[in-house]
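Working notes for the structure below.
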Amino acid sequence: MTTATTDVWDLDKNLATVGRQWAGLFALCGDSAAYAASAESVSGWGVARQVNHVGIALNLIAQAIEGMLANPEQGAGLGPTQPFAMPMLEAGSIPRGRGQAPKFLHPPATPAAAETRALLQSAKDRWDALGAKRGQMKQTPATFQHFALGHFTCVQWARFMAVHTAHHLKIIHDILDHAGQVTPYDNALEEVN
């Protein structure tokens, strides 16, 4: 019998979640009205900045996982430093307003849709390539440090990125609702496992 906690760390499920989320991100880049939407009462970042930020994060973490696979002992044995990190990943939800992204993850003030689409495509290509290295991702003891939560393994990073992307898709949905616009993707993409 599989428990919810076991499912949380199922790399295949979390990579599949990330794989499904691309459709929503690309749909937002292709819908000029949705991409331009903003609602200050929901978030200081409008849809364009939300999507671009997700692209930056997905790219950087794919690079980090590539680095962990190349150096399997990097940070081995290290783990999260915040007690809420693992329960947050297990719940599949990041509380809103609890943390701010560091400057290196901030999107440009007005990211062009074409630039964001190119950033997302680069990230998707990296994640697709990582999908072929599932066995290695499961086996490597390496870790890479999240700026606030501590060190995660490849498997934990895959979970985090699925949860992080869903978090931003939920914010985007709320921005679009507030702006009276239709969300151009299936709202199921906002859920994780």
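Convention: chains lettered A, B, ... in structure tokens order; per-chain residue numbering from 1; ligands numbered from 1 as shown.
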
All residues 10 Å or closer to Ala48 (chain A), only C-alpha atoms, same chain fewer than 3 positions away omitted, as a PyMOL selection string: chain A and resi 28-29+32+34-38+45+51-53+107-113+116+172

For the residues in that selection, give me N, CA, C and O atoms as a tab-separated table (two decimals), in the first residue's frame.
```tsv
chain	number	residue	atom	x	y	z
A	28	LEU	N	0.14	30.88	-21.30
A	28	LEU	CA	0.16	32.26	-20.81
A	28	LEU	C	0.99	33.16	-21.71
A	28	LEU	O	0.61	34.30	-21.98
A	29	CYS	N	2.11	32.64	-22.22
A	29	CYS	CA	2.95	33.43	-23.13
A	29	CYS	C	2.23	33.69	-24.45
A	29	CYS	O	2.49	34.69	-25.12
A	32	SER	N	-1.87	37.24	-25.14
A	32	SER	CA	-1.32	38.57	-24.82
A	32	SER	C	-2.10	39.27	-23.71
A	32	SER	O	-1.50	39.95	-22.87
A	34	ALA	N	-3.84	37.84	-21.19
A	34	ALA	CA	-3.52	37.19	-19.92
A	34	ALA	C	-2.10	37.52	-19.49
A	34	ALA	O	-1.84	37.83	-18.32
A	35	TYR	N	-1.16	37.48	-20.43
A	35	TYR	CA	0.24	37.74	-20.11
A	35	TYR	C	0.43	39.16	-19.55
A	35	TYR	O	1.25	39.37	-18.66
A	36	ALA	N	-0.35	40.11	-20.04
A	36	ALA	CA	-0.22	41.51	-19.60
A	36	ALA	C	-1.00	41.81	-18.33
A	36	ALA	O	-0.85	42.90	-17.76
A	37	ALA	N	-1.81	40.89	-17.85
A	37	ALA	CA	-2.68	41.16	-16.70
A	37	ALA	C	-1.89	41.37	-15.42
A	37	ALA	O	-0.83	40.78	-15.20
A	38	SER	N	-2.46	42.21	-14.58
A	38	SER	CA	-1.88	42.43	-13.25
A	38	SER	C	-3.01	42.78	-12.29
A	38	SER	O	-4.09	43.21	-12.71
A	45	TRP	N	3.71	41.39	-8.54
A	45	TRP	CA	4.12	40.97	-9.88
A	45	TRP	C	2.89	40.59	-10.68
A	45	TRP	O	2.04	39.83	-10.21
A	51	VAL	N	5.34	34.43	-14.65
A	51	VAL	CA	5.75	33.38	-15.58
A	51	VAL	C	7.26	33.42	-15.80
A	51	VAL	O	7.93	32.39	-15.80
A	52	ASN	N	7.80	34.62	-15.97
A	52	ASN	CA	9.25	34.75	-16.19
A	52	ASN	C	10.02	34.24	-14.98
A	52	ASN	O	11.02	33.53	-15.13
A	53	HIS	N	9.56	34.57	-13.78
A	53	HIS	CA	10.21	34.09	-12.55
A	53	HIS	C	10.23	32.56	-12.51
A	53	HIS	O	11.24	31.96	-12.18
A	107	PRO	N	12.31	38.61	-11.92
A	107	PRO	CA	12.17	38.81	-13.36
A	107	PRO	C	12.40	40.27	-13.72
A	107	PRO	O	12.34	41.15	-12.86
A	108	PRO	N	12.64	40.55	-15.01
A	108	PRO	CA	12.71	41.94	-15.44
A	108	PRO	C	11.38	42.65	-15.17
A	108	PRO	O	10.34	41.99	-15.01
A	109	ALA	N	11.39	43.96	-15.16
A	109	ALA	CA	10.18	44.73	-14.88
A	109	ALA	C	9.09	44.47	-15.91
A	109	ALA	O	7.92	44.39	-15.55
A	110	THR	N	9.44	44.34	-17.17
A	110	THR	CA	8.45	44.09	-18.22
A	110	THR	C	9.00	43.04	-19.19
A	110	THR	O	9.42	43.38	-20.31
A	111	PRO	N	9.01	41.78	-18.80
A	111	PRO	CA	9.56	40.75	-19.68
A	111	PRO	C	8.68	40.54	-20.92
A	111	PRO	O	7.46	40.38	-20.80
A	112	ALA	N	9.30	40.57	-22.07
A	112	ALA	CA	8.56	40.32	-23.32
A	112	ALA	C	8.15	38.86	-23.38
A	112	ALA	O	8.88	37.97	-22.94
A	113	ALA	N	6.98	38.61	-23.93
A	113	ALA	CA	6.46	37.24	-24.02
A	113	ALA	C	7.41	36.34	-24.80
A	113	ALA	O	7.63	35.18	-24.42
A	116	THR	N	10.29	35.38	-22.58
A	116	THR	CA	9.86	34.43	-21.56
A	116	THR	C	9.63	33.06	-22.18
A	116	THR	O	10.03	32.04	-21.60
A	172	ILE	N	-1.32	33.34	-10.48
A	172	ILE	CA	-1.72	33.83	-11.80
A	172	ILE	C	-3.23	33.69	-12.00
A	172	ILE	O	-3.89	34.61	-12.48
```

Using the chain letters and numbers from this document, which residues of region 7-66 of chain A does DSSP assign to helix (DSSP H, G or I), as a ChimeraX atom specification? /A:7-8,11-30,32-36,47-66

Restrict the calculation to only C-alpha atoms, then for each residue of region 115-141 of chain A with any atom at most 9 Å from an atom of region 71-77 of chain A give the closest atom pair and their distance in Å to one decimal, rows by chain and rising residue number, as a tab-separated table.
```
residue	atom	partner	partner_atom	distance
A:Gln139	CA	A:Pro72	CA	8.8
A:Thr140	CA	A:Pro72	CA	5.3
A:Pro141	CA	A:Ala76	CA	5.1
```

I need the chosen residues saved as a PDB file, in the first residue's frame, with N, CA and C atoms.
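Once everything was written out, this is result-v9.pdb:
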```
ATOM      1  N   GLN A 139      19.451   8.026  -7.217  1.00  0.00           N
ATOM      2  CA  GLN A 139      20.577   7.423  -6.512  1.00  0.00           C
ATOM      3  C   GLN A 139      21.589   8.413  -5.950  1.00  0.00           C
ATOM      4  N   THR A 140      21.721   9.580  -6.545  1.00  0.00           N
ATOM      5  CA  THR A 140      22.782  10.486  -6.102  1.00  0.00           C
ATOM      6  C   THR A 140      22.497  11.050  -4.706  1.00  0.00           C
ATOM      7  N   PRO A 141      23.517  11.055  -3.842  1.00  0.00           N
ATOM      8  CA  PRO A 141      23.334  11.635  -2.510  1.00  0.00           C
ATOM      9  C   PRO A 141      23.576  13.143  -2.482  1.00  0.00           C
TER      10      PRO A 141
END
```

Quick one: which region 64-114 of chain A residues come within 9 Å of region 152-161 of chain A, and what is the nearest atom pair for each with the distance in Å to one decimal, counting only C-alpha atoms, rows ordered by chain and ascending number, as a Markdown table?
```
| residue | atom | partner | partner_atom | distance |
| --- | --- | --- | --- | --- |
| A:Ala64 | CA | A:Cys154 | CA | 8.8 |
| A:Ile65 | CA | A:Cys154 | CA | 5.9 |
| A:Met68 | CA | A:Cys154 | CA | 7.5 |
| A:Leu69 | CA | A:Cys154 | CA | 8.4 |
| A:Ala76 | CA | A:Thr153 | CA | 8.5 |
| A:Leu78 | CA | A:Phe152 | CA | 7.8 |
| A:Gly79 | CA | A:Phe152 | CA | 5.9 |
| A:Pro80 | CA | A:Phe152 | CA | 6.5 |
| A:Leu89 | CA | A:Phe160 | CA | 6.4 |
| A:Glu90 | CA | A:Arg159 | CA | 8.8 |
| A:Gly92 | CA | A:Arg159 | CA | 8.2 |
```

Those residues with N, CA and C atoms, as a PDB file, in the first residue's frame please?
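Final file, selection_36.pdb:
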```pdb
ATOM      1  N   ALA A  64      21.244  23.208 -11.482  1.00  0.00           N
ATOM      2  CA  ALA A  64      21.740  22.707 -10.192  1.00  0.00           C
ATOM      3  C   ALA A  64      21.683  21.184 -10.144  1.00  0.00           C
ATOM      4  N   ILE A  65      20.598  20.605 -10.641  1.00  0.00           N
ATOM      5  CA  ILE A  65      20.478  19.144 -10.654  1.00  0.00           C
ATOM      6  C   ILE A  65      21.533  18.547 -11.581  1.00  0.00           C
ATOM      7  N   MET A  68      24.602  18.467  -9.607  1.00  0.00           N
ATOM      8  CA  MET A  68      24.592  17.411  -8.591  1.00  0.00           C
ATOM      9  C   MET A  68      24.877  16.052  -9.217  1.00  0.00           C
ATOM     10  N   LEU A  69      24.333  15.816 -10.403  1.00  0.00           N
ATOM     11  CA  LEU A  69      24.572  14.541 -11.075  1.00  0.00           C
ATOM     12  C   LEU A  69      26.033  14.418 -11.503  1.00  0.00           C
ATOM     13  N   ALA A  76      26.555  16.049   0.084  1.00  0.00           N
ATOM     14  CA  ALA A  76      25.951  14.789   0.546  1.00  0.00           C
ATOM     15  C   ALA A  76      25.745  14.822   2.051  1.00  0.00           C
ATOM     16  N   LEU A  78      23.661  16.675   3.713  1.00  0.00           N
ATOM     17  CA  LEU A  78      23.030  17.906   4.182  1.00  0.00           C
ATOM     18  C   LEU A  78      21.539  17.851   3.872  1.00  0.00           C
ATOM     19  N   GLY A  79      20.764  18.625   4.594  1.00  0.00           N
ATOM     20  CA  GLY A  79      19.316  18.597   4.399  1.00  0.00           C
ATOM     21  C   GLY A  79      18.687  19.931   4.701  1.00  0.00           C
ATOM     22  N   PRO A  80      17.368  19.975   4.716  1.00  0.00           N
ATOM     23  CA  PRO A  80      16.660  21.216   5.009  1.00  0.00           C
ATOM     24  C   PRO A  80      17.010  21.745   6.391  1.00  0.00           C
ATOM     25  N   LEU A  89       6.531  20.567   1.509  1.00  0.00           N
ATOM     26  CA  LEU A  89       6.645  19.751   0.300  1.00  0.00           C
ATOM     27  C   LEU A  89       5.627  18.611   0.322  1.00  0.00           C
ATOM     28  N   GLU A  90       5.432  18.007   1.472  1.00  0.00           N
ATOM     29  CA  GLU A  90       4.456  16.923   1.576  1.00  0.00           C
ATOM     30  C   GLU A  90       3.045  17.429   1.295  1.00  0.00           C
ATOM     31  N   GLY A  92       2.312  19.901  -0.567  1.00  0.00           N
ATOM     32  CA  GLY A  92       2.237  20.321  -1.965  1.00  0.00           C
ATOM     33  C   GLY A  92       1.774  21.755  -2.143  1.00  0.00           C
TER      34      GLY A  92
END
```

Fewer than 3 positions away in the same chain doesn't count, so skip those; otherwise give me all residues within 8 Å of Thr183 (chain A), counting only C-alpha atoms, as a ChimeraX atom specification. /A:34,173,176-177,186-187

Those same residues - all heavy atoms - I'd like them written as a PDB file, in the first residue's frame.
```
ATOM      1  N   ALA A  34      -3.845  37.845 -21.192  1.00  0.00           N
ATOM      2  CA  ALA A  34      -3.522  37.189 -19.922  1.00  0.00           C
ATOM      3  C   ALA A  34      -2.097  37.525 -19.488  1.00  0.00           C
ATOM      4  O   ALA A  34      -1.845  37.830 -18.317  1.00  0.00           O
ATOM      5  CB  ALA A  34      -3.688  35.677 -20.053  1.00  0.00           C
ATOM      6  N   HIS A 173      -3.772  32.555 -11.594  1.00  0.00           N
ATOM      7  CA  HIS A 173      -5.224  32.336 -11.691  1.00  0.00           C
ATOM      8  C   HIS A 173      -5.971  33.434 -10.929  1.00  0.00           C
ATOM      9  O   HIS A 173      -6.948  33.998 -11.425  1.00  0.00           O
ATOM     10  CB  HIS A 173      -5.561  30.953 -11.132  1.00  0.00           C
ATOM     11  CG  HIS A 173      -6.989  30.581 -11.243  1.00  0.00           C
ATOM     12  ND1 HIS A 173      -7.432  29.490 -11.941  1.00  0.00           N
ATOM     13  CD2 HIS A 173      -8.113  31.162 -10.744  1.00  0.00           C
ATOM     14  CE1 HIS A 173      -8.733  29.417 -11.867  1.00  0.00           C
ATOM     15  NE2 HIS A 173      -9.172  30.422 -11.140  1.00  0.00           N
ATOM     16  N   LEU A 176      -5.779  36.735 -12.815  1.00  0.00           N
ATOM     17  CA  LEU A 176      -6.694  36.741 -13.959  1.00  0.00           C
ATOM     18  C   LEU A 176      -8.150  36.850 -13.517  1.00  0.00           C
ATOM     19  O   LEU A 176      -8.938  37.574 -14.135  1.00  0.00           O
ATOM     20  CB  LEU A 176      -6.458  35.497 -14.821  1.00  0.00           C
ATOM     21  CG  LEU A 176      -5.100  35.458 -15.525  1.00  0.00           C
ATOM     22  CD1 LEU A 176      -4.892  34.119 -16.213  1.00  0.00           C
ATOM     23  CD2 LEU A 176      -4.943  36.607 -16.502  1.00  0.00           C
ATOM     24  N   ASP A 177      -8.510  36.151 -12.442  1.00  0.00           N
ATOM     25  CA  ASP A 177      -9.873  36.285 -11.902  1.00  0.00           C
ATOM     26  C   ASP A 177     -10.154  37.730 -11.511  1.00  0.00           C
ATOM     27  O   ASP A 177     -11.209  38.275 -11.833  1.00  0.00           O
ATOM     28  CB  ASP A 177     -10.065  35.385 -10.678  1.00  0.00           C
ATOM     29  CG  ASP A 177     -10.427  33.962 -11.030  1.00  0.00           C
ATOM     30  OD1 ASP A 177     -10.650  33.667 -12.222  1.00  0.00           O
ATOM     31  OD2 ASP A 177     -10.489  33.128 -10.105  1.00  0.00           O
ATOM     32  N   ASP A 186      -5.777  24.617 -18.176  1.00  0.00           N
ATOM     33  CA  ASP A 186      -6.587  23.779 -17.287  1.00  0.00           C
ATOM     34  C   ASP A 186      -6.167  24.038 -15.841  1.00  0.00           C
ATOM     35  O   ASP A 186      -4.998  23.883 -15.491  1.00  0.00           O
ATOM     36  CB  ASP A 186      -6.376  22.309 -17.662  1.00  0.00           C
ATOM     37  CG  ASP A 186      -7.210  21.348 -16.840  1.00  0.00           C
ATOM     38  OD1 ASP A 186      -7.771  21.746 -15.804  1.00  0.00           O
ATOM     39  OD2 ASP A 186      -7.281  20.181 -17.250  1.00  0.00           O
ATOM     40  N   ASN A 187      -7.131  24.427 -15.014  1.00  0.00           N
ATOM     41  CA  ASN A 187      -6.812  24.738 -13.619  1.00  0.00           C
ATOM     42  C   ASN A 187      -6.260  23.546 -12.844  1.00  0.00           C
ATOM     43  O   ASN A 187      -5.690  23.720 -11.771  1.00  0.00           O
ATOM     44  CB  ASN A 187      -8.049  25.294 -12.914  1.00  0.00           C
ATOM     45  CG  ASN A 187      -8.471  26.624 -13.490  1.00  0.00           C
ATOM     46  OD1 ASN A 187      -7.740  27.263 -14.228  1.00  0.00           O
ATOM     47  ND2 ASN A 187      -9.683  27.025 -13.175  1.00  0.00           N
TER      48      ASN A 187
END
```

CA of Leu189 (chain A) to CA of Ala23 (chain A), distance in Å rounded to a single decimal: 8.6 Å

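Shortest separation to Glu191 (chain A) among A:Leu25, A:Ala142, A:Ile61, A:Ala91 occurs at residue A:Ala91, atoms counted being only C-alpha atoms.
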
Taking 6 positions as the minimum chain separation for residues in the same chain, which residues sit within 10 Å of Ala33 (chain A) when counting only C-alpha atoms? Answer as a compact mmCIF listing (two decimals) with N, CA, C and O atoms, in the first residue's frame.
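Writing done, so here's out.txt:
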```txt
# COMPACT_ATOMS: atom_id res chain seq x y z
N VAL A 47 1.19 38.89 -14.30
CA VAL A 47 1.34 37.56 -14.90
C VAL A 47 2.69 37.42 -15.60
O VAL A 47 3.38 36.41 -15.45
N LEU A 176 -5.78 36.73 -12.82
CA LEU A 176 -6.69 36.74 -13.96
C LEU A 176 -8.15 36.85 -13.52
O LEU A 176 -8.94 37.57 -14.13
N GLN A 181 -10.48 38.06 -16.38
CA GLN A 181 -10.03 37.32 -17.56
C GLN A 181 -10.10 35.82 -17.31
O GLN A 181 -10.02 35.36 -16.18
N VAL A 182 -10.21 35.09 -18.40
CA VAL A 182 -10.26 33.63 -18.34
C VAL A 182 -8.84 33.09 -18.26
O VAL A 182 -7.93 33.59 -18.94
```

Option closest in space to Gln63 (chain A), from A:His168, A:Lys124, A:Arg96, A:Arg20 [counting only C-alpha atoms]: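 Among the listed residues, A:Lys124 lies closest to Gln63 (chain A).
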
Which of these residues is nearest to Met86 (chain A), using only C-alpha atoms: A:His151, A:His167, A:Ala132, A:Phe104?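 Of the candidates, the smallest distance to Met86 (chain A) is held by A:His151.
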
Please list as an MDAnalysis selection string every residue within 10 Å of Leu60 (chain A), counting only C-alpha atoms and excluding residues in the same chain fewer than 4 positions away. chainID A and resid 54:56 64:66 105 123 126

If we count only C-alpha atoms and set the cut-off at 10 Å, which residues sit around Lys13 (chain A), ignoring sequence neighbours fewer than 2 positions away in its own chain? Please answer as a PDB file with N, CA and C atoms, in the first residue's frame.
```pdb
ATOM      1  N   ASP A   7       4.191   8.854  -1.969  1.00  0.00           N
ATOM      2  CA  ASP A   7       3.888   9.465  -3.258  1.00  0.00           C
ATOM      3  C   ASP A   7       4.596  10.802  -3.437  1.00  0.00           C
ATOM      4  N   VAL A   8       4.748  11.564  -2.353  1.00  0.00           N
ATOM      5  CA  VAL A   8       5.401  12.862  -2.407  1.00  0.00           C
ATOM      6  C   VAL A   8       6.797  12.733  -2.999  1.00  0.00           C
ATOM      7  N   TRP A   9       7.490  11.690  -2.645  1.00  0.00           N
ATOM      8  CA  TRP A   9       8.881  11.542  -3.085  1.00  0.00           C
ATOM      9  C   TRP A   9       8.987  10.648  -4.317  1.00  0.00           C
ATOM     10  N   ASP A  10       7.880  10.398  -4.989  1.00  0.00           N
ATOM     11  CA  ASP A  10       7.890   9.622  -6.215  1.00  0.00           C
ATOM     12  C   ASP A  10       8.395  10.530  -7.333  1.00  0.00           C
ATOM     13  N   LEU A  11       9.653  10.353  -7.707  1.00  0.00           N
ATOM     14  CA  LEU A  11      10.281  11.209  -8.701  1.00  0.00           C
ATOM     15  C   LEU A  11       9.496  11.216 -10.001  1.00  0.00           C
ATOM     16  N   LEU A  15       8.172  14.600 -11.696  1.00  0.00           N
ATOM     17  CA  LEU A  15       8.627  15.000 -13.028  1.00  0.00           C
ATOM     18  C   LEU A  15       7.451  15.089 -13.992  1.00  0.00           C
ATOM     19  N   ALA A  16       6.480  14.199 -13.843  1.00  0.00           N
ATOM     20  CA  ALA A  16       5.275  14.253 -14.687  1.00  0.00           C
ATOM     21  C   ALA A  16       4.475  15.520 -14.398  1.00  0.00           C
ATOM     22  N   THR A  17       4.414  15.933 -13.137  1.00  0.00           N
ATOM     23  CA  THR A  17       3.712  17.170 -12.785  1.00  0.00           C
ATOM     24  C   THR A  17       4.396  18.363 -13.444  1.00  0.00           C
ATOM     25  N   VAL A  18       5.714  18.440 -13.310  1.00  0.00           N
ATOM     26  CA  VAL A  18       6.457  19.515 -13.974  1.00  0.00           C
ATOM     27  C   VAL A  18       6.195  19.448 -15.479  1.00  0.00           C
ATOM     28  N   GLY A  19       6.188  18.249 -16.035  1.00  0.00           N
ATOM     29  CA  GLY A  19       5.951  18.071 -17.463  1.00  0.00           C
ATOM     30  C   GLY A  19       4.592  18.587 -17.912  1.00  0.00           C
ATOM     31  N   ALA A 158      12.918  18.123  -7.469  1.00  0.00           N
ATOM     32  CA  ALA A 158      11.836  17.874  -8.442  1.00  0.00           C
ATOM     33  C   ALA A 158      10.484  18.146  -7.784  1.00  0.00           C
ATOM     34  N   ARG A 159      10.317  17.708  -6.561  1.00  0.00           N
ATOM     35  CA  ARG A 159       9.080  17.976  -5.825  1.00  0.00           C
ATOM     36  C   ARG A 159       8.901  19.471  -5.608  1.00  0.00           C
ATOM     37  N   ALA A 162       7.795  21.298  -8.758  1.00  0.00           N
ATOM     38  CA  ALA A 162       6.377  21.048  -9.068  1.00  0.00           C
ATOM     39  C   ALA A 162       5.491  21.908  -8.167  1.00  0.00           C
ATOM     40  N   VAL A 192      -0.770  19.588  -7.277  1.00  0.00           N
ATOM     41  CA  VAL A 192       0.419  18.727  -7.305  1.00  0.00           C
ATOM     42  C   VAL A 192       0.037  17.364  -6.781  1.00  0.00           C
ATOM     43  N   ASN A 193       0.310  16.330  -7.580  1.00  0.00           N
ATOM     44  CA  ASN A 193       0.020  14.920  -7.230  1.00  0.00           C
ATOM     45  C   ASN A 193      -1.321  14.794  -6.522  1.00  0.00           C
TER      46      ASN A 193
END
```

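CA of Leu149 (chain A) sits 8.6 Å away from CA of Pro83 (chain A).
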
Which of these, A:Ala57, A:Ala166, A:Leu130, A:Met137, has the shortest distance to Pro102 (chain A) once you count only C-alpha atoms? A:Ala57

For Gln82 (chain A), which residue out of A:Ala188, A:Ala62, A:Ala148, A:Ile171 is the nearest one, using only C-alpha atoms?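 Once distances to Gln82 (chain A) are computed over only C-alpha atoms, the minimum belongs to A:Ala148.
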
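These are the residues of region 4-185 of chain A assigned strand (DSSP E or B) by DSSP from backbone coordinates: Pro80, Phe144, Gln145, His146, Gly150, His151 and Phe152 of chain A.
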
Keeping only N, CA and C atoms, write the selected residues to a file as a PDB file, in the first residue's frame.
```pdb
ATOM      1  N   PRO A  80      17.368  19.975   4.716  1.00  0.00           N
ATOM      2  CA  PRO A  80      16.660  21.216   5.009  1.00  0.00           C
ATOM      3  C   PRO A  80      17.010  21.745   6.391  1.00  0.00           C
ATOM      4  N   PHE A 144      21.739  20.406  -3.114  1.00  0.00           N
ATOM      5  CA  PHE A 144      21.960  21.794  -3.529  1.00  0.00           C
ATOM      6  C   PHE A 144      21.106  22.644  -2.619  1.00  0.00           C
ATOM      7  N   GLN A 145      21.640  23.782  -2.196  1.00  0.00           N
ATOM      8  CA  GLN A 145      20.970  24.597  -1.178  1.00  0.00           C
ATOM      9  C   GLN A 145      19.921  25.542  -1.750  1.00  0.00           C
ATOM     10  N   HIS A 146      18.720  25.427  -1.191  1.00  0.00           N
ATOM     11  CA  HIS A 146      17.676  26.431  -1.405  1.00  0.00           C
ATOM     12  C   HIS A 146      18.060  27.632  -0.555  1.00  0.00           C
ATOM     13  N   GLY A 150      17.283  25.350   3.029  1.00  0.00           N
ATOM     14  CA  GLY A 150      18.365  24.396   3.246  1.00  0.00           C
ATOM     15  C   GLY A 150      18.597  23.538   2.017  1.00  0.00           C
ATOM     16  N   HIS A 151      19.278  22.429   2.199  1.00  0.00           N
ATOM     17  CA  HIS A 151      19.684  21.578   1.084  1.00  0.00           C
ATOM     18  C   HIS A 151      18.615  20.549   0.714  1.00  0.00           C
ATOM     19  N   PHE A 152      18.431  20.366  -0.590  1.00  0.00           N
ATOM     20  CA  PHE A 152      17.521  19.356  -1.131  1.00  0.00           C
ATOM     21  C   PHE A 152      18.286  18.424  -2.059  1.00  0.00           C
TER      22      PHE A 152
END
```

What gap, in Å, lies between CA of Met88 (chain A) and CA of Phe147 (chain A)? 15.6 Å

Identify which of the residues A:Glu190, A:Gln21, A:His178, A:Leu58 lies closest to Glu40 (chain A), counting only C-alpha atoms when measuring atom-to-atom distances.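 Smallest distance to Glu40 (chain A) is found for A:His178.
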